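**Q** Contents are mmCIF, C-alpha atoms; file name target-v4.cif:
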```cif
data_target
loop_
_atom_site.label_atom_id
_atom_site.label_comp_id
_atom_site.auth_asym_id
_atom_site.auth_seq_id
_atom_site.Cartn_x
_atom_site.Cartn_y
_atom_site.Cartn_z
CA MET A 197 -31.77 20.47 14.40
CA ARG A 198 -34.71 22.59 13.35
CA ARG A 199 -36.87 24.23 15.99
CA TYR A 200 -40.56 24.86 15.48
CA ILE A 201 -42.25 27.51 17.60
CA HIS A 202 -45.74 27.46 16.17
CA THR A 203 -48.30 25.16 17.81
CA GLY A 204 -48.21 22.12 20.05
CA ILE A 205 -49.67 20.03 17.22
CA LEU A 206 -46.84 20.97 14.89
CA ALA A 207 -44.29 20.23 17.60
CA GLY A 208 -45.86 16.80 18.01
CA VAL A 209 -45.46 16.11 14.30
CA VAL A 210 -41.75 16.86 14.60
CA LEU A 211 -41.37 14.41 17.49
CA LEU A 212 -43.07 11.67 15.51
CA ALA A 213 -40.92 12.32 12.47
CA GLY A 214 -37.63 12.31 14.36
CA CYS A 215 -35.16 15.14 14.93
CA GLY A 216 -35.12 16.42 11.36
CA LYS A 217 -32.18 17.00 9.04
CA GLU A 218 -28.72 17.32 10.59
CA GLN A 219 -25.06 17.41 9.62
CA TYR A 220 -23.99 14.05 11.02
CA LEU A 221 -20.57 13.85 9.40
CA ASP A 222 -17.78 15.26 11.59
CA LEU A 223 -14.34 13.90 10.72
CA THR A 224 -11.59 14.80 13.20
CA TYR A 225 -7.99 13.91 13.98
CA ASP A 226 -8.43 10.72 16.03
CA VAL A 227 -5.31 9.95 18.08
CA ASN A 228 -5.94 6.22 17.54
CA TYR A 229 -4.82 6.70 13.95
CA TRP A 230 -1.89 9.04 14.56
CA GLY A 231 1.66 8.57 15.81
CA GLY A 232 4.35 11.11 16.55
CA ILE A 233 8.08 11.72 16.78
CA SER A 234 10.07 14.46 18.49
CA THR A 235 12.56 16.20 16.19
CA THR A 236 15.67 17.66 17.76
CA PHE A 237 17.88 20.46 16.47
CA ASP A 238 20.76 18.15 15.61
CA GLY A 239 18.56 16.27 13.16
CA GLN A 240 17.87 13.28 15.41
CA GLU A 241 14.38 11.88 15.77
CA ILE A 242 12.93 10.51 18.99
CA PRO A 243 10.17 8.02 18.01
CA ASP A 244 6.99 6.92 19.71
CA LEU A 245 5.59 10.11 21.13
CA PRO A 246 3.16 9.14 23.95
CA LYS A 247 -0.49 9.05 22.86
CA LYS A 248 -1.43 11.63 25.50
CA GLN A 249 1.03 14.13 24.03
CA THR A 250 0.01 13.31 20.46
CA ALA A 251 -3.64 13.88 21.40
CA ALA A 252 -2.83 17.26 23.01
CA LEU A 253 -1.03 18.45 19.87
CA LEU A 254 -3.75 17.23 17.50
CA LYS A 255 -6.40 18.91 19.62
CA VAL A 256 -4.76 22.32 19.31
CA CYS A 257 -4.15 21.90 15.58
CA GLN A 258 -7.90 21.45 15.01
CA GLN A 259 -8.81 24.74 16.68
CA LYS A 260 -9.17 28.08 14.97
CA PRO A 261 -5.72 29.71 14.86
CA ASP A 262 -4.89 33.07 16.40
CA MET A 263 -2.53 33.86 13.51
CA LYS A 264 -2.25 32.56 9.95
CA HIS A 265 1.47 33.27 9.65
CA LEU A 266 4.52 33.02 11.85
CA PRO A 267 5.55 36.00 13.98
CA ASP A 268 8.04 38.32 12.31
CA ARG A 269 10.58 37.45 15.00
CA TYR A 270 10.66 34.23 17.02
CA VAL A 271 12.78 31.55 18.61
CA GLN A 272 12.04 27.91 17.84
CA HIS A 273 11.92 25.45 20.72
CA GLU A 274 11.06 21.79 20.34
CA GLY A 275 9.42 20.34 17.25
CA PHE A 276 7.22 17.33 16.58
CA ASP A 277 6.10 15.54 13.44
CA LEU A 278 2.76 13.75 13.63
CA TYR A 279 1.92 11.12 11.03
CA PHE A 280 -1.24 9.33 9.99
CA LEU A 281 -1.48 5.57 10.42
CA PRO A 282 -1.40 3.41 8.49
CA PRO A 283 0.15 5.08 5.39
CA SER A 284 -1.11 2.26 3.16
CA ILE A 285 -4.67 3.53 3.63
CA GLN A 286 -4.39 7.14 2.55
CA GLY A 287 -0.78 7.75 1.62
CA ARG A 288 1.42 10.19 3.43
CA GLU A 289 -0.26 12.62 5.84
CA PHE A 290 1.69 14.77 8.25
CA GLN A 291 1.26 17.55 10.73
CA HIS A 292 4.43 19.51 11.47
CA VAL A 293 4.04 20.97 14.98
CA ARG A 294 6.51 23.51 16.35
CA PHE A 295 6.74 25.42 19.63
CA LEU A 296 8.06 28.98 19.44
CA SER A 297 8.15 32.26 21.31
CA ASP A 298 8.60 35.93 20.57
CA GLU A 299 9.60 38.55 23.12
CA LYS A 300 6.25 38.31 24.96
CA LYS A 301 4.21 35.25 23.98
CA ASP A 302 4.44 31.51 23.39
CA TYR A 303 2.94 29.75 20.39
CA LEU A 304 2.21 26.36 18.88
CA ALA A 305 2.45 26.35 15.08
CA CYS A 306 0.74 23.61 13.02
CA GLN A 307 1.47 22.92 9.35
CA PRO A 308 -0.44 20.16 7.53
CA ILE A 309 1.67 18.75 4.74
CA ARG A 310 -0.71 20.17 2.12
CA HIS A 311 -0.15 23.75 3.27
CA ALA A 312 2.76 26.13 2.78
CA ASP A 313 2.05 28.27 5.82
CA TYR A 314 1.50 27.62 9.51
CA ALA A 315 -1.64 28.02 11.62
CA VAL A 316 -0.30 29.65 14.78
CA HIS A 317 -2.00 29.21 18.16
CA GLN A 318 -1.17 31.28 21.24
CA ILE A 319 -0.66 28.94 24.22
CA LYS A 320 0.32 28.79 27.87
CA ARG A 321 3.77 27.34 28.42
CA SER A 322 2.60 25.58 31.59
CA ASP A 323 0.16 23.42 29.55
CA TYR A 324 3.08 21.69 27.81
CA PRO A 325 5.49 20.40 30.47
CA PHE A 326 6.97 17.89 28.01
CA VAL A 327 8.44 20.66 25.81
CA ASP A 328 12.02 21.87 26.17
CA TRP A 329 11.61 25.64 26.56
CA SER A 330 15.33 26.38 26.58
CA LYS A 331 16.10 30.04 25.97
CA GLN A 332 17.58 30.94 22.59
CA PRO A 333 18.09 34.22 20.73
CA VAL A 334 15.03 35.59 18.98
CA LYS A 335 15.67 35.80 15.24
CA ALA A 336 13.90 37.53 12.39
CA LYS A 337 11.80 35.28 10.16
CA SER A 338 13.23 34.71 6.69
CA THR A 339 10.74 35.25 3.86
CA ILE A 340 12.98 34.73 0.81
CA VAL A 341 15.07 32.07 -0.91
CA ARG A 342 18.76 32.91 -0.66
CA PHE A 343 21.41 31.65 -3.08
CA LYS A 344 24.58 30.65 -1.21
CA PRO A 345 28.02 29.21 -1.98
CA VAL A 346 28.04 25.43 -2.23
CA PRO A 347 29.66 23.94 0.91
CA LYS A 348 33.12 22.45 0.40
CA LYS A 349 31.88 19.11 1.74
CA VAL A 350 29.28 18.90 -1.05
CA MET A 351 31.75 19.91 -3.76
CA ASP A 352 34.32 17.37 -2.56
CA GLN A 353 31.70 14.61 -2.61
CA GLN A 354 30.62 15.46 -6.16
CA LYS A 355 34.25 15.55 -7.36
CA GLN A 356 34.90 12.20 -5.72
CA GLU A 357 31.87 10.68 -7.48
CA ASN A 358 33.15 12.06 -10.78
CA GLU A 359 36.51 10.36 -10.19
CA GLU A 360 34.76 7.09 -9.38
CA SER A 361 32.59 7.39 -12.48
CA LYS A 362 35.70 7.14 -14.66
CA GLN A 363 35.96 3.55 -13.47
CA SER A 364 32.28 2.82 -14.15
CA LYS A 365 30.51 3.73 -17.37
CA GLU A 366 27.11 3.59 -15.68
CA MET A 367 27.54 6.08 -12.82
CA GLY A 368 27.51 9.29 -14.80
CA HIS A 369 29.16 12.53 -13.73
CA TYR A 370 28.27 15.98 -12.35
CA LEU A 371 28.41 19.09 -14.50
CA PHE A 372 29.78 22.04 -12.56
CA PRO A 373 28.92 24.54 -11.19
CA SER A 374 26.43 23.34 -8.59
CA TYR A 375 24.10 25.60 -6.58
CA GLN A 376 22.93 25.90 -2.99
CA LEU A 377 19.69 27.51 -1.82
CA SER A 378 18.51 28.40 1.67
CA LEU A 379 14.72 27.99 1.85
CA PRO A 380 12.41 30.07 4.11
CA PRO A 381 10.07 28.50 6.71
CA GLU A 382 6.88 29.55 4.90
CA GLY A 383 5.85 29.33 1.29
CA GLN A 384 6.19 26.56 -1.28
CA PHE A 385 9.40 26.33 -3.32
CA VAL A 386 8.90 24.82 -6.79
CA LEU A 387 11.28 23.80 -9.57
CA PHE A 388 9.57 23.24 -12.90
CA MET A 389 10.40 22.92 -16.59
CA LYS A 390 8.69 23.78 -19.87
CA ASP A 391 9.54 22.64 -23.38
CA LYS A 392 9.54 25.39 -25.98
CA SER A 393 7.07 23.43 -28.09
CA LYS A 394 4.64 22.92 -25.18
CA ASP A 395 2.68 25.26 -22.92
CA ASP A 396 2.31 22.94 -19.93
CA GLU A 397 4.80 23.05 -17.09
CA GLN A 398 6.09 19.93 -15.38
CA THR A 399 7.13 20.05 -11.73
CA LEU A 400 10.59 18.66 -10.99
CA PHE A 401 10.69 19.33 -7.24
CA GLU A 402 8.55 21.05 -4.63
CA THR A 403 8.65 21.46 -0.88
CA THR A 404 7.07 23.26 2.03
CA GLU A 405 9.40 23.92 4.89
CA SER A 406 9.88 23.37 8.59
CA LEU A 407 10.32 26.41 10.81
CA SER A 408 14.08 26.27 10.62
CA GLY A 409 14.04 26.17 6.83
CA SER A 410 16.50 23.94 4.97
CA GLU A 411 19.41 23.90 2.56
CA LEU A 412 18.92 22.58 -0.98
CA ASN A 413 21.68 21.61 -3.41
CA LEU A 414 21.08 21.64 -7.18
CA ALA A 415 23.35 20.03 -9.76
CA PHE A 416 23.18 18.78 -13.35
CA ARG A 417 24.44 15.30 -14.08
CA VAL A 418 24.93 13.27 -17.26
CA ILE A 419 23.89 9.62 -16.96
CA PRO A 420 24.83 7.06 -19.64
CA ASN A 421 22.19 4.44 -20.37
CA SER A 422 22.68 1.28 -22.44
CA GLY A 423 26.40 1.87 -22.72
CA LEU A 424 27.25 4.96 -24.76
CA GLN A 425 24.27 4.74 -27.10
CA HIS A 426 21.90 6.70 -24.86
CA THR A 427 22.44 9.45 -22.28
CA SER A 428 20.20 11.50 -20.01
CA ILE A 429 20.58 15.00 -18.56
CA GLU A 430 19.33 14.97 -14.97
CA LEU A 431 18.75 17.66 -12.40
CA MET A 432 19.76 16.44 -8.93
CA THR A 433 18.25 17.84 -5.73
CA SER A 434 19.85 17.00 -2.39
CA GLY A 435 20.58 18.43 1.05
CA ASP A 436 18.06 18.71 3.89
CA ARG A 437 15.30 17.98 1.35
CA ILE A 438 16.14 15.07 -0.95
CA GLY A 439 14.29 14.82 -4.25
CA ILE A 440 14.19 12.13 -6.91
CA PRO A 441 16.54 12.84 -9.85
CA SER A 442 14.57 14.47 -12.67
CA VAL A 443 15.32 13.66 -16.30
CA ILE A 444 15.40 16.89 -18.32
CA GLN A 445 16.25 15.41 -21.71
CA ASP A 446 17.24 12.06 -23.26
CA HIS A 447 19.82 11.84 -26.05
CA VAL A 448 20.81 9.12 -28.48
CA MET A 449 24.06 8.72 -30.40
CA GLY A 450 24.65 11.63 -32.76
CA GLN A 451 22.86 14.14 -30.54
CA SER A 452 24.57 16.65 -28.27
CA TYR A 453 23.46 18.95 -25.46
CA GLN A 454 24.06 22.50 -24.38
CA ILE A 455 23.20 23.92 -20.94
CA GLU A 456 22.77 27.68 -20.65
CA ARG A 457 22.84 28.72 -16.99
CA LYS A 458 20.96 31.92 -16.24
CA GLN A 459 22.23 34.75 -14.08
CA LEU A 460 20.46 34.24 -10.76
CA PRO A 461 19.47 37.05 -8.40
CA ASP A 462 20.74 37.16 -4.83
CA THR A 463 17.31 36.21 -3.53
CA LEU A 464 13.95 34.82 -4.68
CA SER A 465 10.93 36.52 -3.11
CA VAL A 466 7.39 35.23 -2.46
CA GLY A 467 5.36 35.22 -5.68
CA GLN A 468 8.48 35.54 -7.86
CA THR A 469 9.50 33.23 -10.71
CA VAL A 470 13.03 33.27 -12.16
CA PRO A 471 14.66 31.27 -14.98
CA PHE A 472 17.35 28.85 -13.80
CA ALA A 473 18.70 27.20 -16.95
CA THR A 474 17.88 26.16 -20.51
CA VAL A 475 18.88 22.75 -21.86
CA ARG A 476 19.11 22.37 -25.65
CA LYS A 477 19.29 19.14 -27.61
CA LYS A 478 21.15 19.41 -30.92
CA GLU A 479 21.41 17.17 -33.94
CA GLU A 480 23.66 18.03 -36.92
CA GLY A 481 24.12 21.49 -35.44
CA LYS A 482 20.39 22.25 -35.22
CA ILE A 483 18.34 22.65 -32.02
CA ILE A 484 15.64 19.97 -31.99
CA GLN A 485 14.49 20.39 -28.37
CA GLU A 486 14.71 23.30 -25.94
CA THR A 487 13.76 22.86 -22.28
CA SER A 488 13.74 25.77 -19.84
CA ILE A 489 13.87 25.31 -16.05
CA TYR A 490 12.40 27.82 -13.60
CA MET A 491 12.21 28.45 -9.85
CA ARG A 492 9.17 29.85 -8.07
CA LEU A 493 8.26 30.65 -4.48
CA ASN A 494 4.49 30.36 -3.97
CA PRO A 495 2.91 32.20 -1.01
CA THR A 496 0.61 29.21 -0.32
CA TYR A 497 0.54 25.57 -1.31
CA GLU A 498 -0.48 24.75 -4.88
CA LYS A 499 -0.87 21.24 -6.23
CA PRO A 500 2.23 20.48 -8.33
CA ALA A 501 1.59 20.41 -12.07
CA ASN A 502 2.29 17.08 -13.81
CA TYR A 503 4.46 15.85 -10.94
CA LYS A 504 4.71 12.08 -11.39
CA TYR A 505 6.68 11.56 -8.19
CA VAL A 506 4.41 13.53 -5.89
CA PHE A 507 3.13 11.39 -3.04
CA PHE A 508 -0.18 13.31 -2.93
CA ASP A 509 -1.21 11.34 -6.01
CA THR A 510 -1.21 8.18 -3.88
CA SER A 511 -3.18 9.90 -1.15
CA PRO A 512 -6.87 10.06 -2.10
CA THR A 513 -8.65 13.34 -1.53
CA SER A 514 -11.98 11.49 -1.44
CA TYR A 515 -13.40 9.36 1.37
CA VAL A 516 -12.33 5.81 2.14
CA GLY A 517 -14.17 3.48 4.49
CA PHE A 518 -13.61 0.29 6.49
CA ILE A 519 -15.59 -2.23 8.50
CA HIS A 520 -13.61 -3.41 11.53
CA GLN A 521 -13.81 -4.01 15.29
CA SER A 522 -10.99 -1.89 16.73
CA PRO A 523 -8.57 0.88 15.64
CA LYS A 524 -5.64 -1.49 16.26
CA GLN A 525 -6.86 -3.85 13.53
CA LEU A 526 -7.02 -1.00 11.06
CA VAL A 527 -3.66 0.50 12.03
CA GLU A 528 -1.97 -2.90 11.73
CA SER A 529 -3.80 -3.62 8.45
CA ASP A 530 -5.07 -6.89 9.88
CA TYR A 531 -7.38 -7.75 7.02
CA LYS A 532 -8.60 -10.92 8.72
CA PHE A 533 -10.83 -8.54 10.66
CA VAL A 534 -10.97 -5.54 8.30
CA SER A 535 -13.08 -5.10 5.16
CA ALA A 536 -12.56 -2.17 2.83
CA ILE A 537 -15.63 -0.37 1.53
CA PRO A 538 -15.63 0.50 -2.19
CA ASP A 539 -14.59 4.14 -2.65
CA LYS A 540 -17.86 5.06 -4.40
CA LEU A 541 -19.85 3.63 -1.50
CA ALA A 542 -17.71 5.46 1.09
CA LYS A 543 -18.30 8.70 -0.80
CA LYS A 544 -22.05 8.00 -1.00
CA ILE A 545 -22.26 7.34 2.76
CA ALA A 546 -20.36 10.56 3.49
CA GLN A 547 -22.68 12.54 1.22
CA GLU A 548 -25.77 11.15 2.93
CA LEU A 549 -24.36 11.92 6.39
CA LYS A 550 -23.78 15.57 5.50
CA GLU A 551 -27.55 16.09 5.67
CA THR A 552 -29.61 13.26 7.04
CA ASP A 553 -32.56 12.38 9.24
CA VAL A 554 -31.35 11.77 12.80
CA MET A 555 -33.48 9.45 14.91
CA GLU A 556 -33.34 6.59 17.39
CA PRO A 557 -31.81 3.56 15.62
CA GLN A 558 -33.97 0.49 15.04
CA GLY A 559 -32.99 -3.16 14.83
CA THR A 560 -30.00 -5.07 16.14
CA LYS A 561 -26.66 -3.55 17.12
CA LEU A 562 -23.73 -5.18 15.30
CA ASN A 563 -21.34 -5.38 18.27
CA GLN A 564 -18.44 -6.90 16.34
CA LYS A 565 -18.51 -4.47 13.42
CA LYS A 566 -17.92 -0.73 13.24
CA LEU A 567 -17.74 1.66 10.32
CA THR A 568 -14.86 4.15 9.99
CA LEU A 569 -14.71 6.83 7.31
CA MET A 570 -11.39 8.56 6.58
CA ARG A 571 -10.25 11.51 4.52
CA GLN A 572 -6.84 13.22 4.51
CA GLY A 573 -5.86 12.15 8.00
CA LYS A 574 -9.25 12.76 9.61
CA SER A 575 -11.67 10.02 10.58
CA GLN A 576 -14.99 9.22 12.21
CA THR A 577 -16.12 5.87 13.61
CA PHE A 578 -19.76 4.74 13.89
CA GLU A 579 -21.62 1.92 15.60
CA LEU A 580 -23.92 -0.01 13.25
CA PHE A 581 -27.53 -1.10 13.68
CA GLU A 582 -29.25 -3.37 11.18
CA ARG A 583 -33.00 -3.83 10.77
CA LYS A 584 -34.29 -6.48 8.38
CA ARG A 585 -37.87 -6.30 7.20
CA ALA A 586 -39.82 -8.39 4.70
CA LYS A 587 -38.51 -6.72 1.55
CA LYS A 588 -36.41 -3.96 3.00
CA LEU A 589 -33.11 -3.57 4.82
CA GLU A 590 -32.29 -0.56 7.00
CA ILE A 591 -28.87 0.33 8.39
CA TYR A 592 -28.35 3.05 10.98
CA VAL A 593 -24.95 4.56 11.81
CA VAL A 594 -24.55 5.96 15.33
CA LYS A 595 -21.82 8.11 16.85
CA LYS A 596 -20.26 6.52 19.89
CA GLY A 597 -21.88 7.68 23.13
CA THR A 598 -25.04 9.00 21.47
CA LYS A 599 -28.57 7.61 21.31
CA ASN A 600 -29.71 8.98 17.96
CA GLY A 601 -28.25 7.89 14.66
CA ALA A 602 -28.48 8.47 10.93
CA LYS A 603 -30.51 6.22 8.71
CA LEU A 604 -28.89 5.35 5.41
CA SER A 605 -30.92 5.19 2.22
CA GLY A 606 -32.22 1.84 0.97
CA THR A 607 -29.69 1.42 -1.85
CA THR A 608 -26.79 2.49 0.37
CA SER A 609 -27.94 0.08 3.11
CA GLU A 610 -28.07 -2.79 0.62
CA ALA A 611 -24.58 -1.99 -0.71
CA LEU A 612 -23.11 -1.72 2.78
CA SER A 613 -24.79 -4.97 3.80
CA GLU A 614 -22.86 -6.79 1.06
CA VAL A 615 -19.59 -5.63 2.67
CA LEU A 616 -20.82 -6.59 6.15
CA ASN A 617 -21.70 -10.10 5.06
CA LYS A 618 -18.45 -10.89 3.27
#
```
Spit out the file's structure as structure tokens when you get a sec.
**A**
Amino acid sequence: MRRYIHTGILAGVVLLAGCGKEQYLDLTYDVNYWGGISTTFDGQEIPDLPKKQTAALLKVCQQKPDMKHLPDRYVQHEGFDLYFLPPSIQGREFQHVRFLSDEKKDYLACQPIRHADYAVHQIKRSDYPFVDWSKQPVKAKSTIVRFKPVPKKVMDQQKQENEESKQSKEMGHYLFPSYQLSLPPEGQFVLFMKDKSKDDEQTLFETTESLSGSELNLAFRVIPNSGLQHTSIELMTSGDRIGIPSVIQDHVMGQSYQIERKQLPDTLSVGQTVPFATVRKKEEGKIIQETSIYMRLNPTYEKPANYKYVFFDTSPTSYVGFIHQSPKQLVESDYKFVSAIPDKLAKKIAQELKETDVMEPQGTKLNQKKLTLMRQGKSQTFELFERKRAKKLEIYVVKKGTKNGAKLSGTTSEALSEVLNK
């Protein structure tokens, strides 16, 4: 709100005109649209985290962090995964929340799914009585990808599938050797490929990690399609992080393949890219396609390049909006009482609310209809006032518990009115 310190007359003009231009848009993590699960060290999940606990975790994750990276040495205590509801509205949105300690302090670490690093908040242990603060050894933080021997259990499973594939011409078989990687808790691990004839890279797999890191298995597999007339070379990713099989090359009868596996280093450091393998398609002894596969560890999250399986593509980065009565209706997708606002209109409303005239709303309050704007897991809900004049319609949006609201423009009011009257 602007303040004028000149004359009483000028101050009076301001009062008549309203409160002036303000930022009225303030999307936050609303616990009404979030659920949570507790994740234990043995991989089990305890669902339905109480709303009070979910709210406490979301509140901390919205504050300015004390640290932008994990401590160099820490012990991990309990962990929680918070998820946005409902996923059908804006795709998959998560907050990984972890409690940890070093030799002197306790922390809460938040990692939105779109980030490769944690925002770390210093906390008081007594504020979180629901957390298991069991003592464990403090360990140094890993900052690199390590290449490890493939566990016997994984090798035995792959060999068993190869035996079974002899009985079925559609199962395909693994090409040995396989690989195992241990991923660090920070950074974004990416597998991508590039054809020799093209400059663009295509992401095959990417992940940001939980505090404990994870194990990733990599293996090539040959899959027959349409009998023996057509085969595909796939790269399989499995382990703690399961990826969708990625087709590297397709071959038809008369074509053959060659896989050149590169010599891998012992570790992969942040910012480093290393070649993993090159797959060549041959016909009559000549190479007709050459595809190289690489590994990279990014220091921060980067949007995957040409990644057709990435769930972020189904999660709009723009605003979406709904007319409804209660959060429960929206969470349960009860469209008898919920109306979706066109995306362009939701974006227009958000733009107007970023700088708008704030004043006392005029007209009639629409008690049975509220407006909620959402973007990437954050939301804001408004009460609605409607004022109809001879040739003009005015709609005011008002934050709950406040007296002054924002007046939408004439065209935006008309467009929103069409949704309200459906």
**Q** Hey, what comes out of the PyMOL selection byres ((chain A and resi 299) around 10) on this file? Could you write it as a CSV table (one decimal) with C-alpha atoms, in the frame of the given file?
**A**
```csv
chain,number,residue,atom,x,y,z
A,269,ARG,CA,10.6,37.4,15.0
A,270,TYR,CA,10.7,34.2,17.0
A,271,VAL,CA,12.8,31.6,18.6
A,297,SER,CA,8.2,32.3,21.3
A,298,ASP,CA,8.6,35.9,20.6
A,300,LYS,CA,6.2,38.3,25.0
A,301,LYS,CA,4.2,35.2,24.0
A,302,ASP,CA,4.4,31.5,23.4
A,333,PRO,CA,18.1,34.2,20.7
A,334,VAL,CA,15.0,35.6,19.0
```
**Q** Can you work out which one of A:Leu245, A:Leu278, A:Met491, A:Val443 has the shortest atom-to-atom distance to A:Gln307, counting all atoms listed in the file?
**A**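 Using all atoms listed in the file, the shortest distance to A:Gln307 belongs to A:Leu278.
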**Q** Compile the contact shell of A:Gly383 as a PDB file with C-alpha atoms, in the frame of the given file: residues with an atom at most 9 Å away, counting only C-alpha atoms, same-chain residues fewer than 6 positions apart removed.
**A**
```pdb
ATOM      1  CA  HIS A 311      -0.150  23.750   3.270  1.00  0.00           C
ATOM      2  CA  ALA A 312       2.760  26.130   2.780  1.00  0.00           C
ATOM      3  CA  ASP A 313       2.050  28.270   5.820  1.00  0.00           C
ATOM      4  CA  THR A 339      10.740  35.250   3.860  1.00  0.00           C
ATOM      5  CA  ILE A 340      12.980  34.730   0.810  1.00  0.00           C
ATOM      6  CA  THR A 403       8.650  21.460  -0.880  1.00  0.00           C
ATOM      7  CA  THR A 404       7.070  23.260   2.030  1.00  0.00           C
ATOM      8  CA  GLU A 405       9.400  23.920   4.890  1.00  0.00           C
ATOM      9  CA  VAL A 466       7.390  35.230  -2.460  1.00  0.00           C
ATOM     10  CA  LEU A 493       8.260  30.650  -4.480  1.00  0.00           C
ATOM     11  CA  ASN A 494       4.490  30.360  -3.970  1.00  0.00           C
ATOM     12  CA  PRO A 495       2.910  32.200  -1.010  1.00  0.00           C
ATOM     13  CA  THR A 496       0.610  29.210  -0.320  1.00  0.00           C
ATOM     14  CA  TYR A 497       0.540  25.570  -1.310  1.00  0.00           C
TER      15      TYR A 497
END
```
**Q** Calculate how many Å separate atom CA of A:Ala611 from atom CA of A:Tyr531, rounding to one decimal.
**A** 19.7 Å
**Q** Would you list the contacts of A:Leu281 as a list of chain:residue names, taking every protein, DNA or RNA residue within 7 Å and counting all atoms listed in the file, but skipping same-chain residues closer than 4 positions in sequence?
**A**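 What passes the distance filter is A:Tyr229, A:Trp230, A:Gly231, A:Val527.
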**Q** Do a neighbour search on A:Asn502 at 9 Å with only C-alpha atoms, toss out local chain neighbours closer than 5 positions, and write the hits as a VMD selection string.
**A** chain A and resid 396 to 400
**Q** Could you add whatever atoms are missing so that stretch 464-475 of chain A carries N, CA, C and O atoms, then write the result as a compact mmCIF listing (two decimals), in the coordinates of the input?
**A**
```
# COMPACT_ATOMS: atom_id res chain seq x y z
N LEU A 464 15.21 35.09 -4.00
CA LEU A 464 13.95 34.82 -4.68
C LEU A 464 12.84 35.12 -3.69
O LEU A 464 12.78 34.52 -2.62
N SER A 465 11.97 36.07 -4.03
CA SER A 465 10.93 36.52 -3.11
C SER A 465 9.62 35.78 -3.33
O SER A 465 9.41 35.13 -4.38
N VAL A 466 8.71 35.86 -2.36
CA VAL A 466 7.39 35.23 -2.46
C VAL A 466 6.66 35.76 -3.69
O VAL A 466 6.61 36.96 -3.94
N GLY A 467 6.10 34.84 -4.49
CA GLY A 467 5.36 35.22 -5.68
C GLY A 467 6.24 35.42 -6.90
O GLY A 467 5.73 35.68 -7.99
N GLN A 468 7.55 35.29 -6.76
CA GLN A 468 8.48 35.54 -7.86
C GLN A 468 8.86 34.25 -8.56
O GLN A 468 9.02 33.20 -7.94
N THR A 469 9.02 34.33 -9.89
CA THR A 469 9.50 33.23 -10.71
C THR A 469 10.73 33.69 -11.46
O THR A 469 10.73 34.77 -12.05
N VAL A 470 11.81 32.90 -11.44
CA VAL A 470 13.03 33.27 -12.16
C VAL A 470 13.49 32.09 -13.00
O VAL A 470 13.32 30.93 -12.61
N PRO A 471 14.08 32.35 -14.18
CA PRO A 471 14.66 31.27 -14.98
C PRO A 471 15.95 30.77 -14.37
O PRO A 471 16.75 31.56 -13.86
N PHE A 472 16.15 29.46 -14.38
CA PHE A 472 17.35 28.85 -13.80
C PHE A 472 18.33 28.40 -14.88
O PHE A 472 19.53 28.69 -14.82
N ALA A 473 17.82 27.69 -15.88
CA ALA A 473 18.70 27.20 -16.95
C ALA A 473 17.86 26.77 -18.14
O ALA A 473 16.65 26.53 -18.02
N THR A 474 18.51 26.69 -19.30
CA THR A 474 17.88 26.16 -20.51
C THR A 474 18.76 25.07 -21.07
O THR A 474 19.97 25.26 -21.25
N VAL A 475 18.17 23.89 -21.31
CA VAL A 475 18.88 22.75 -21.86
C VAL A 475 18.44 22.57 -23.31
O VAL A 475 17.24 22.49 -23.59
```
